[in-house]
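Participant: Quick one: the structure is below, and I'll ask about it shortly.
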Amino acid sequence: MKIPFYKYQGTGNDFVMIDNRQQLISKNNTKLIKKLCDRKFGIGGDGLILLENPEVDGDDFKMVYFNADGNESSMCGNGGRCLVAFARFLGIIENEATFTAIDGPHKATINDHEVSLQMQNLSEIKQLGNTAFLDTGSPHHVVFTKNVTDLDVKKEGAVIRYSDEYLSAGGTNVNFVDMQEDNTFLVRTYERGVEDETLSCGTGVTAVALAAHASGKANGNIVKLIVPGGELSVSFKKENEIYTDVWLTGPAEQVFKGEIVC
Ligand SMILES: N[C@@H](CCC[C@H](N)C(=O)O)C(=O)O
């Protein structure tokens, strides 16, 4: 059997995309999904995303996300943005999308290669010193520190990801953040499920922007995030201690396509 696939990237967070409206891939095939994400034995990617038929009235499609380890996981912000670009490529949408992912409903807009994705409202941010923990669709530990450029993110991130504090709750992603100028932050992320640093993490930079605002490190409602793979922005409102209207914006593009022979 031959299954068509597409490769997308959003600020260097890269994904294998499959149009699964005809159920070509089984969601339980962890071994196959892990192999497809393998950079030596497969296509290579930080994750794999299935575009499926909508299950909610009014939706354009459904998003199913897997980490590179082959397991279905929580929300992927960059993956969601890439999926919107894929949906437009497939002719499912034009410039706007409504879809459901594991964390609930999302809206999105796309102009050229720029995709804005609405994230869930957020009310709970645990802050402790220069760290914070919040769930922006995926769990994120945020560390505000200096010299992020020189950090061994894989080593330092793994210590926190596998710490007793998080392990029993399924682990966490870890973001190391260095403030640059007003409302601008440099971010490097250790991703759970990839178990390494990735070039960008959408739910991660969303967590950084909201944690920076909650702790007074950012004072505007638009925050610029510089990641190893490019630049993203996060805009939001704060109403009655709840962050609403949270939008993650940045580029997303198709890189190549091919066929999986299985
Ligand atoms: N790259 C993602 C986050 C993907 C989920 C994460 N690895 C997890 O399992 O929590 C993003 O762009 O948000």
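Ligands are numbered from 1 in the order shown, chains are lettered A, B, ... in the order of the structure tokens, and residues start at 1 in each chain.
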Identify, on the basis of only C-alpha atoms, every residue whose closest approach to stretch 175-190 of chain A does not exceed 6 Å; exclude the query and any residue fewer than 3 positions from it along the same chain; express the result as a list in words.

Facilitator: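 What passes the distance filter is Val142, Val143, Phe144, Thr145, Lys146, Gly157, Asp196, Glu197, Ala218, Val223, Lys224, Leu225, Ile226 and Val227 of chain A.
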
Participant: Each residue of chain A lying at most 6 Å from ligand 1 should get a row with its shortest atom-to-atom pair and the distance in Å to one decimal, counting only C-alpha atoms and all ligand atoms; could you produce that, ordered by chain and increasing number, as JSON lines?

Facilitator:
```
{"residue": "A:Asn67", "atom": "CA", "partner": "ligand 1", "partner_atom_place_in_ligand_line": "7 (N)", "distance": 5.8}
{"residue": "A:Ser73", "atom": "CA", "partner": "ligand 1", "partner_atom_place_in_ligand_line": "9 (O)", "distance": 5.0}
{"residue": "A:Ser74", "atom": "CA", "partner": "ligand 1", "partner_atom_place_in_ligand_line": "10 (O)", "distance": 5.4}
{"residue": "A:Met75", "atom": "CA", "partner": "ligand 1", "partner_atom_place_in_ligand_line": "5 (C)", "distance": 5.6}
{"residue": "A:Cys76", "atom": "CA", "partner": "ligand 1", "partner_atom_place_in_ligand_line": "13 (O)", "distance": 3.4}
{"residue": "A:Gly77", "atom": "CA", "partner": "ligand 1", "partner_atom_place_in_ligand_line": "13 (O)", "distance": 3.7}
{"residue": "A:Asn78", "atom": "CA", "partner": "ligand 1", "partner_atom_place_in_ligand_line": "12 (O)", "distance": 3.8}
{"residue": "A:Gly79", "atom": "CA", "partner": "ligand 1", "partner_atom_place_in_ligand_line": "12 (O)", "distance": 5.7}
{"residue": "A:Ser138", "atom": "CA", "partner": "ligand 1", "partner_atom_place_in_ligand_line": "10 (O)", "distance": 4.5}
{"residue": "A:Pro139", "atom": "CA", "partner": "ligand 1", "partner_atom_place_in_ligand_line": "10 (O)", "distance": 5.8}
{"residue": "A:Asn173", "atom": "CA", "partner": "ligand 1", "partner_atom_place_in_ligand_line": "10 (O)", "distance": 5.8}
{"residue": "A:Glu191", "atom": "CA", "partner": "ligand 1", "partner_atom_place_in_ligand_line": "7 (N)", "distance": 4.7}
{"residue": "A:Arg192", "atom": "CA", "partner": "ligand 1", "partner_atom_place_in_ligand_line": "7 (N)", "distance": 4.6}
{"residue": "A:Gly193", "atom": "CA", "partner": "ligand 1", "partner_atom_place_in_ligand_line": "7 (N)", "distance": 5.1}
{"residue": "A:Cys201", "atom": "CA", "partner": "ligand 1", "partner_atom_place_in_ligand_line": "12 (O)", "distance": 3.7}
{"residue": "A:Gly202", "atom": "CA", "partner": "ligand 1", "partner_atom_place_in_ligand_line": "12 (O)", "distance": 3.5}
{"residue": "A:Thr203", "atom": "CA", "partner": "ligand 1", "partner_atom_place_in_ligand_line": "13 (O)", "distance": 3.6}
{"residue": "A:Gly204", "atom": "CA", "partner": "ligand 1", "partner_atom_place_in_ligand_line": "13 (O)", "distance": 5.8}
```

Participant: So which residues of stretch 4-252 of chain A fall under strand (DSSP E or B) by DSSP, listed as a PyMOL selection string?

Facilitator: chain A and resi 4-10+13-19+47-52+61-67+72+96-101+104-111+114-118+122+126-128+131-135+139-144+173-181+184-191+196-198+222-227+230-239+242-251

Participant: Give me, as an NGL selection string, all polymer residues having an atom no more than 10 Å from A:Cys262, counting only C-alpha atoms and skipping those fewer than 4 positions away in the same chain.

Facilitator: :A and (1-3 or 32)

Participant: Excluding A:Leu248 and residues on its chain fewer than 3 positions from it, collect all residues at most 7 Å away from it, counting only C-alpha atoms, and give them as a list of chain:residue names.

Facilitator: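 Near A:Leu248, the qualifying residues are A:Ser116, A:Leu117, A:Gln118, A:Thr206, A:Ser233, A:Val234, A:Ser235.
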
Participant: Near A:Leu48, counting only C-alpha atoms, which residues have an atom at most 10 Å away, once you skip same-chain residues fewer than 2 positions from it, shown as a list in words?

Facilitator: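 In the requested format, the answer is Lys7, Tyr8, Asp14, Phe15, Val16, Met17, Ile18, Ile33, Lys34, Leu36, Cys37, Gly44, Gly45, Asp46, Leu50, Val64, Tyr65, Phe66, Asn67, Ala68, Asp69, Gly70, Asn71, Glu72 and Gly79 of chain A.
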
Participant: Please, could you write that set of residues out with C-alpha atoms as a PDB file, in the first residue's frame?

Facilitator:
```pdb
ATOM      1  CA  LYS A   7       6.226  17.453   5.273  1.00  0.00           C
ATOM      2  CA  TYR A   8       5.584  20.858   6.906  1.00  0.00           C
ATOM      3  CA  ASP A  14       8.688  19.917  11.656  1.00  0.00           C
ATOM      4  CA  PHE A  15       5.846  17.497  11.063  1.00  0.00           C
ATOM      5  CA  VAL A  16       4.786  14.631   8.841  1.00  0.00           C
ATOM      6  CA  MET A  17       1.229  15.368   7.660  1.00  0.00           C
ATOM      7  CA  ILE A  18      -1.237  12.787   6.445  1.00  0.00           C
ATOM      8  CA  ILE A  33       4.297   6.539  13.509  1.00  0.00           C
ATOM      9  CA  LYS A  34       7.571   6.445  15.483  1.00  0.00           C
ATOM     10  CA  LEU A  36       7.947   7.713  10.111  1.00  0.00           C
ATOM     11  CA  CYS A  37       9.214  10.420  12.508  1.00  0.00           C
ATOM     12  CA  GLY A  44      11.863  12.567  10.017  1.00  0.00           C
ATOM     13  CA  GLY A  45       9.876  14.983  12.141  1.00  0.00           C
ATOM     14  CA  ASP A  46       9.232  16.285  15.645  1.00  0.00           C
ATOM     15  CA  LEU A  50      -3.436  13.356  10.969  1.00  0.00           C
ATOM     16  CA  VAL A  64      -4.800  14.298  15.791  1.00  0.00           C
ATOM     17  CA  TYR A  65      -1.231  14.863  16.989  1.00  0.00           C
ATOM     18  CA  PHE A  66       1.526  12.354  17.782  1.00  0.00           C
ATOM     19  CA  ASN A  67       4.951  13.097  19.220  1.00  0.00           C
ATOM     20  CA  ALA A  68       8.045  11.677  17.507  1.00  0.00           C
ATOM     21  CA  ASP A  69       7.978   8.776  19.999  1.00  0.00           C
ATOM     22  CA  GLY A  70       4.788   7.553  18.264  1.00  0.00           C
ATOM     23  CA  ASN A  71       2.397   8.378  21.111  1.00  0.00           C
ATOM     24  CA  GLU A  72      -0.661  10.581  20.736  1.00  0.00           C
ATOM     25  CA  GLY A  79       1.542  21.631  14.408  1.00  0.00           C
TER      26      GLY A  79
END
```

Participant: Please determine, counting only C-alpha atoms, which residue among A:Asn20, A:Thr136, A:Asn221, A:Ser200 has the shortest atom-to-atom distance to A:Thr172.

Facilitator: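 Checking each candidate against A:Thr172, we get A:Thr136 as the closest.
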